[in-house]
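Asks: Data: protein_14.cif, mmCIF, C-alpha atoms and all ligand atoms.
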```
data_target
loop_
_atom_site.label_atom_id
_atom_site.label_comp_id
_atom_site.auth_asym_id
_atom_site.auth_seq_id
_atom_site.Cartn_x
_atom_site.Cartn_y
_atom_site.Cartn_z
CA MET A 1 17.55 -27.12 24.96
CA GLU A 2 19.07 -28.45 21.77
CA ILE A 3 20.20 -25.79 19.30
CA ILE A 4 21.14 -26.77 15.75
CA ILE A 5 22.53 -24.25 13.27
CA PHE A 6 22.20 -25.03 9.56
CA ASP A 7 24.25 -23.77 6.65
CA THR A 8 21.28 -23.64 4.33
CA GLN A 9 17.57 -23.03 4.58
CA LYS A 10 16.92 -26.26 2.69
CA GLU A 11 18.71 -28.31 5.36
CA LEU A 12 16.77 -26.59 8.13
CA ASP A 13 13.47 -27.17 6.33
CA ALA A 14 14.25 -30.84 5.71
CA TYR A 15 15.31 -31.43 9.31
CA ALA A 16 12.15 -29.84 10.73
CA ALA A 17 9.91 -31.60 8.21
CA ASP A 18 11.45 -34.97 9.04
CA LEU A 19 10.93 -34.46 12.78
CA LEU A 20 7.24 -33.77 12.15
CA VAL A 21 6.87 -36.56 9.57
CA ASN A 22 8.65 -39.04 11.84
CA THR A 23 6.37 -38.12 14.74
CA ALA A 24 3.38 -39.00 12.57
CA GLY A 25 5.19 -42.09 11.26
CA GLU A 26 5.85 -43.45 14.73
CA LYS A 27 2.44 -42.49 16.07
CA PRO A 28 -0.26 -42.54 13.37
CA ASP A 29 -2.69 -40.65 15.63
CA ALA A 30 -0.11 -37.99 16.52
CA VAL A 31 -1.15 -34.46 17.39
CA LEU A 32 0.93 -31.84 15.62
CA GLY A 33 0.96 -28.20 16.70
CA LEU A 34 1.41 -26.00 13.66
CA ALA A 35 2.51 -22.43 13.01
CA THR A 36 2.22 -19.84 10.26
CA GLY A 37 4.38 -16.95 9.07
CA SER A 38 6.99 -17.12 6.33
CA THR A 39 9.41 -19.45 8.14
CA PRO A 40 7.31 -22.65 8.09
CA ILE A 41 6.48 -22.48 4.35
CA GLY A 42 9.62 -24.35 3.29
CA ILE A 43 9.01 -26.89 6.06
CA TYR A 44 5.48 -27.55 4.80
CA ASP A 45 6.77 -27.85 1.22
CA LYS A 46 9.16 -30.54 2.41
CA ILE A 47 6.42 -32.39 4.32
CA VAL A 48 4.34 -32.43 1.12
CA GLU A 49 7.38 -33.74 -0.75
CA ARG A 50 7.78 -36.55 1.80
CA TYR A 51 4.06 -37.30 1.55
CA ASN A 52 4.30 -37.52 -2.24
CA GLU A 53 7.21 -39.91 -1.89
CA LYS A 54 4.56 -42.07 -0.12
CA LYS A 55 6.55 -42.06 3.08
CA ILE A 56 3.70 -41.05 5.32
CA SER A 57 -0.06 -40.85 5.78
CA PHE A 58 -1.71 -38.11 7.80
CA ALA A 59 -5.12 -39.82 7.81
CA GLY A 60 -5.01 -40.36 11.59
CA VAL A 61 -3.17 -37.16 12.48
CA THR A 62 -4.75 -34.22 14.31
CA THR A 63 -3.40 -30.67 14.07
CA PHE A 64 -3.84 -27.55 16.15
CA ASN A 65 -2.65 -24.20 14.88
CA LEU A 66 -1.29 -21.63 17.25
CA ASP A 67 -3.34 -18.67 16.21
CA GLU A 68 -5.71 -16.89 13.84
CA TYR A 69 -6.59 -13.28 13.10
CA VAL A 70 -9.90 -11.99 14.43
CA GLY A 71 -12.30 -10.88 11.70
CA LEU A 72 -10.89 -12.70 8.66
CA ARG A 73 -13.01 -15.35 6.98
CA GLN A 74 -11.43 -18.68 6.10
CA GLU A 75 -11.69 -17.74 2.42
CA ASN A 76 -9.65 -14.59 3.01
CA GLU A 77 -6.20 -15.24 1.58
CA GLN A 78 -4.57 -13.61 4.59
CA SER A 79 -6.29 -15.82 7.14
CA TYR A 80 -4.20 -18.52 8.70
CA ALA A 81 -6.93 -21.05 7.82
CA TYR A 82 -6.36 -20.19 4.15
CA TYR A 83 -2.57 -20.33 4.60
CA MET A 84 -2.77 -23.83 6.07
CA GLN A 85 -4.96 -25.09 3.22
CA LYS A 86 -2.65 -23.53 0.67
CA HIS A 87 0.66 -24.70 2.08
CA LEU A 88 -0.20 -28.03 3.67
CA PHE A 89 -3.68 -29.42 4.20
CA SER A 90 -4.86 -29.45 0.57
CA HIS A 91 -1.77 -31.45 -0.44
CA ILE A 92 -1.97 -34.30 2.07
CA ASP A 93 -4.52 -36.90 3.19
CA ILE A 94 -5.34 -35.25 6.51
CA LEU A 95 -9.07 -35.19 7.37
CA ALA A 96 -10.58 -31.70 7.49
CA GLU A 97 -12.32 -32.47 10.78
CA ASN A 98 -8.95 -33.21 12.38
CA THR A 99 -7.40 -29.82 11.52
CA HIS A 100 -8.05 -27.12 14.07
CA LEU A 101 -7.49 -23.39 14.11
CA PRO A 102 -9.11 -20.85 16.40
CA ASN A 103 -12.18 -19.40 14.67
CA GLY A 104 -11.47 -15.69 14.32
CA MET A 105 -15.05 -15.14 13.07
CA ALA A 106 -16.67 -16.56 16.21
CA GLU A 107 -19.38 -14.31 17.63
CA ASP A 108 -18.37 -15.14 21.17
CA ILE A 109 -14.56 -15.00 21.21
CA GLU A 110 -14.34 -16.00 24.87
CA ALA A 111 -16.42 -19.14 24.24
CA GLU A 112 -14.27 -19.90 21.19
CA CYS A 113 -11.10 -19.71 23.32
CA ALA A 114 -12.64 -22.04 25.91
CA ARG A 115 -13.66 -24.48 23.15
CA TYR A 116 -10.13 -24.48 21.77
CA ASP A 117 -8.61 -25.13 25.20
CA GLU A 118 -11.01 -28.02 25.80
CA MET A 119 -9.93 -29.63 22.54
CA LEU A 120 -6.26 -29.14 23.41
CA GLU A 121 -6.86 -30.63 26.83
CA ALA A 122 -8.40 -33.72 25.23
CA ARG A 123 -5.67 -34.12 22.61
CA PRO A 124 -2.30 -32.93 23.97
CA VAL A 125 0.20 -31.84 21.35
CA ASP A 126 3.07 -34.25 20.66
CA ILE A 127 5.25 -31.74 18.84
CA GLN A 128 4.65 -28.02 18.48
CA LEU A 129 6.21 -26.10 15.62
CA LEU A 130 6.95 -22.47 16.46
CA GLY A 131 8.33 -19.42 14.72
CA LEU A 132 9.66 -16.38 16.53
CA GLY A 133 8.43 -12.80 16.19
CA HIS A 134 10.93 -9.93 16.09
CA ASN A 135 9.80 -8.83 19.55
CA GLY A 136 10.06 -12.35 20.98
CA HIS A 137 6.42 -13.32 20.49
CA ILE A 138 5.41 -16.93 20.02
CA GLY A 139 2.07 -17.58 18.41
CA PHE A 140 0.62 -14.13 19.02
CA ASN A 141 1.71 -13.96 22.66
CA GLU A 142 3.06 -10.43 22.68
CA PRO A 143 5.56 -9.07 25.24
CA ASP A 144 3.68 -7.86 28.31
CA VAL A 145 3.91 -7.65 32.09
CA ASN A 146 1.59 -10.67 32.27
CA LEU A 147 1.11 -13.55 29.87
CA SER A 148 -1.99 -15.74 29.59
CA GLY A 149 -1.81 -19.47 30.09
CA GLY A 150 -4.69 -20.52 27.88
CA THR A 151 -6.13 -19.52 24.53
CA HIS A 152 -7.13 -15.87 24.50
CA ALA A 153 -7.74 -12.83 22.31
CA VAL A 154 -4.86 -10.42 22.00
CA GLN A 155 -4.39 -6.93 20.63
CA LEU A 156 -1.46 -7.01 18.23
CA LYS A 157 1.46 -4.68 18.84
CA ALA A 158 2.18 -2.05 16.20
CA GLU A 159 5.50 -3.75 15.37
CA THR A 160 3.75 -7.09 14.81
CA ARG A 161 1.13 -5.52 12.53
CA GLU A 162 3.95 -3.78 10.63
CA ALA A 163 5.95 -7.02 10.29
CA ASN A 164 2.89 -8.84 8.99
CA ALA A 165 1.76 -5.99 6.70
CA ARG A 166 3.92 -7.49 3.92
CA PHE A 167 1.23 -10.17 3.48
CA PHE A 168 -1.60 -7.61 3.11
CA ALA A 169 -2.39 -5.02 0.42
CA SER A 170 -2.07 -2.20 2.95
CA MET A 171 -1.39 -1.63 6.64
CA ASN A 172 -5.09 -0.76 7.17
CA GLU A 173 -6.07 -4.29 6.25
CA VAL A 174 -3.90 -5.92 8.93
CA PRO A 175 -6.22 -7.04 11.73
CA SER A 176 -5.68 -5.50 15.15
CA TYR A 177 -6.72 -8.56 17.10
CA ALA A 178 -5.97 -12.25 17.02
CA ILE A 179 -6.79 -15.39 18.97
CA THR A 180 -3.74 -17.28 20.14
CA MET A 181 -2.92 -20.33 22.19
CA GLY A 182 -1.40 -19.12 25.45
CA VAL A 183 2.16 -19.68 26.51
CA GLY A 184 0.87 -22.20 29.05
CA SER A 185 -0.80 -24.24 26.29
CA ILE A 186 2.33 -24.05 24.14
CA LEU A 187 4.50 -25.27 27.01
CA LYS A 188 2.25 -28.31 27.47
CA ALA A 189 3.46 -29.80 24.18
CA ASN A 190 5.66 -32.83 24.64
CA THR A 191 8.31 -31.43 22.29
CA ILE A 192 8.73 -27.89 21.02
CA LEU A 193 10.39 -27.28 17.69
CA MET A 194 11.27 -23.65 17.08
CA ALA A 195 12.56 -22.63 13.65
CA VAL A 196 14.09 -19.19 13.08
CA ARG A 197 15.91 -17.71 10.15
CA GLY A 198 17.41 -14.40 9.11
CA ALA A 199 19.89 -11.85 10.45
CA ASP A 200 17.05 -9.62 11.66
CA LYS A 201 16.18 -12.26 14.28
CA ALA A 202 19.75 -12.85 15.60
CA GLY A 203 19.35 -10.44 18.53
CA ILE A 204 15.99 -11.73 19.69
CA VAL A 205 17.17 -15.35 19.28
CA LYS A 206 20.04 -14.62 21.67
CA GLU A 207 17.73 -12.89 24.16
CA ALA A 208 15.12 -15.64 24.01
CA LEU A 209 17.54 -18.54 24.34
CA THR A 210 20.20 -17.15 26.64
CA GLY A 211 18.71 -14.05 28.31
CA PRO A 212 16.63 -13.86 31.46
CA ILE A 213 13.26 -15.62 31.49
CA THR A 214 10.80 -12.76 31.24
CA THR A 215 7.29 -12.09 29.96
CA ASN A 216 8.84 -9.19 28.02
CA VAL A 217 10.34 -11.86 25.76
CA PRO A 218 7.62 -14.53 25.64
CA ALA A 219 9.92 -17.00 23.83
CA SER A 220 12.31 -16.90 26.81
CA LEU A 221 9.76 -19.04 28.69
CA LEU A 222 10.77 -21.88 26.41
CA GLN A 223 13.90 -22.12 28.58
CA THR A 224 11.68 -23.70 31.24
CA HIS A 225 10.59 -26.57 28.95
CA ALA A 226 12.34 -29.93 29.14
CA ARG A 227 12.37 -30.72 25.44
CA VAL A 228 12.96 -27.82 23.08
CA ILE A 229 14.74 -28.15 19.75
CA VAL A 230 15.75 -24.86 18.12
CA LEU A 231 16.65 -24.83 14.44
CA LEU A 232 18.49 -21.75 13.21
CA ASP A 233 20.06 -20.71 9.95
CA ARG A 234 23.56 -19.20 10.12
CA GLU A 235 22.25 -15.63 10.20
CA ALA A 236 19.71 -16.17 12.99
CA GLY A 237 22.30 -18.10 14.99
CA ARG A 238 25.22 -15.73 14.57
CA MET A 239 25.03 -14.33 18.13
CA ILE A 240 24.63 -17.70 19.82
C1 LIG B 1 3.34 -14.19 13.06
C2 LIG B 1 2.82 -15.51 13.67
C3 LIG B 1 3.88 -16.18 14.49
C4 LIG B 1 5.17 -16.26 13.70
C5 LIG B 1 5.66 -14.86 13.41
C6 LIG B 1 7.00 -14.81 12.68
O1 LIG B 1 3.24 -13.14 13.92
N1 LIG B 1 1.66 -15.32 14.48
O2 LIG B 1 3.43 -17.49 14.85
O3 LIG B 1 6.14 -16.97 14.41
O4 LIG B 1 4.67 -14.26 12.59
O5 LIG B 1 6.79 -14.96 11.32
P1 LIG B 1 7.93 -15.05 10.23
O6 LIG B 1 8.35 -16.47 10.20
O7 LIG B 1 7.23 -14.65 8.96
O8 LIG B 1 9.00 -14.10 10.61
#
```
Step by step, read the file and then write its structure as C-alpha cells.
Ligand code: GLP
Replies:
Amino acid sequence: MEIIIFDTQKELDAYAADLLVNTAGEKPDAVLGLATGSTPIGIYDKIVERYNEKKISFAGVTTFNLDEYVGLRQENEQSYAYYMQKHLFSHIDILAENTHLPNGMAEDIEAECARYDEMLEARPVDIQLLGLGHNGHIGFNEPDVNLSGGTHAVQLKAETREANARFFASMNEVPSYAITMGVGSILKANTILMAVRGADKAGIVKEALTGPITTNVPASLLQTHARVIVLLDREAGRMI
C-alpha cells in the first residue's frame, strides 16, 4: 500500500486527477471506477481542467460508479447520476452509453444488481477511485458481521444518513437504501485509489490502513489488495 500525504487539497486533487487521466491516456478504452461524496469533487474539477487543456479524450473510456441511492430519479439533484453529470460527464467527451451507475429506480433491484455485476465482469475496472465513510464504509458497504462480494442493496446506517443529510433539504429526504458494488467487486479493480481528507477522518484512516482486517471496518479489506494508493491531506493523515 502506497500512502501519500499532501500539504494542500489542490495537490491531492491534481495527483488523483492525473492518475485517472493518465490511465485513460495510456489506454484509450480504459475502465474507470468512480465515486461520489464531497471528496472527489475537486478531483473531477481537475480532470475537466485537464480535458479542457486538450490533454485527453474520454471518447473510448467506460466508467462504473460505486453506488446509487434507491428511489431517487436521475433528475433528482441528490442522485449520484445527477452528481456525475454535474461534476464530470457533462464537461467531457465521454459517451453516455459508456457511463454506468446502478439504477436505484429499478423495479427489480436484485435483477439490477445482477445486471451490474455482469457488466463489471465483462469490463474489469482498471482504476477505482474511492472515498472513505466515517464508519469505514467504502461505496455503501457498511460495517457488518458479513460483507457482500457482489453488487447488492444495502440499508444505510443512521450515521451514514446523518453524514449525507448535508446534501438534502432535510433528514427525512435522505434515502434509507442504496445499491452498491460489493467489496469483492471493488477489490477486483487493478488499482485502487482512495482519497481522504479532513481531521474527522484521521481515526478511521488509521484503523482502516493499519488496524486489523475486519468487516467492521470495510475499508480495512483494502489491506489485502496488491495495488492500493491512498491519498491523504495533512489532517486525515495526522495519525498515520
Ligand atoms: C458516501 C458515498 C461514499 C463516500 C462517502 C464519503 O457515503 N457513498 O462512496 O466515500 O460518502 O463521502 P465524503 O467524501 O463526502 O466524506
Asks: For Ile186 in chain A, which residue among A:Phe64, A:Tyr69, A:Tyr51, A:Phe89 is the nearest when counting only C-alpha atoms?
Replies: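 The shortest atom-to-atom distance to Ile186 in chain A comes from A:Phe64.
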Asks: Would you mind telling me which residue in A:Ala35, A:Ala114, A:Ala59, A:Ile41 lies nearest to ligand LIG 1 (chain B) when using all atoms listed in the file?
Replies: A:Ala35
Asks: Do you know which residues are within 7 Å of ligand LIG 1 (chain B) using only C-alpha atoms and all ligand atoms? Can you write them as a PyMOL selection string?
Replies: chain A and resi 35-40+66-67+130-133+138-140+160+164+196
Asks: Do you have the CA of Asn98 in chain A-CA of Glu11 in chain A distance handy?
Replies: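 Between CA of Asn98 in chain A and CA of Glu11 in chain A the gap is 29.0 Å.
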Asks: Write out as number ranges by chain which residues come within 8 Å of Gly237 in chain A when counting all atoms listed in the file, dropping same-chain ones fewer than 2 positions away.
Replies: A: 5, 202, 205-206, 232-235, 239-240
Asks: Counting only C-alpha atoms, what is within 6 Å of Val70 in chain A, bar same-chain residues fewer than 3 positions away, as JSON, numbers by chain?
Replies: {"A": [104, 177, 178]}
Asks: Which value, in Å to one decimal, gives the distance between CA of Pro218 in chain A and CA of Asp144 in chain A?
Replies: 8.2 Å
Asks: What's the 9 Å shell around Ile43 in chain A, counting all atoms listed in the file, without same-chain residues fewer than 4 positions away, as a list in words?
Replies: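 Final neighbour list, sorted by chain and number: Lys10, Leu12, Asp13, Ala14, Tyr15, Ala16, Ala17, Asp18, Thr39, Ile47 and Val48 of chain A.
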Asks: I need the chosen residues saved as a short mmCIF file (atom, residue, chain, number, x, y, z; two decimals), keeping the file's coordinate frame, with C-alpha atoms.
Replies:
```
data_model
loop_
_atom_site.label_atom_id
_atom_site.label_comp_id
_atom_site.auth_asym_id
_atom_site.auth_seq_id
_atom_site.Cartn_x
_atom_site.Cartn_y
_atom_site.Cartn_z
CA LYS A 10 16.92 -26.26 2.69
CA LEU A 12 16.77 -26.59 8.13
CA ASP A 13 13.47 -27.17 6.33
CA ALA A 14 14.25 -30.84 5.71
CA TYR A 15 15.31 -31.43 9.31
CA ALA A 16 12.15 -29.84 10.73
CA ALA A 17 9.91 -31.60 8.21
CA ASP A 18 11.45 -34.97 9.04
CA THR A 39 9.41 -19.45 8.14
CA ILE A 47 6.42 -32.39 4.32
CA VAL A 48 4.34 -32.43 1.12
#
```
Asks: For a quick check of understanding, using all atoms listed in the file, which of A:Ile213, A:Met105, A:Ile94, A:Leu129 has the smallest distance to Asn76 in chain A?
Replies: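 That would be A:Met105, the residue with the smallest distance to Asn76 in chain A.
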Asks: Pick the closest to Glu121 in chain A from A:Val145, A:Ala96, A:Met181, A:Leu88: which is it, counting all atoms listed in the file?
Replies: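 Answer, going by the shortest atom-to-atom distance: A:Met181.
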Asks: What is the CA of Glu207 in chain A to CA of Ile4 in chain A distance in Å?
Replies: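 For CA of Glu207 in chain A relative to CA of Ile4 in chain A, the distance reads 16.6 Å.
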Asks: Closest to Gly150 in chain A among A:Asp29, A:Glu162, A:Glu110, A:Asp93, using all atoms listed in the file?
Replies: A:Glu110
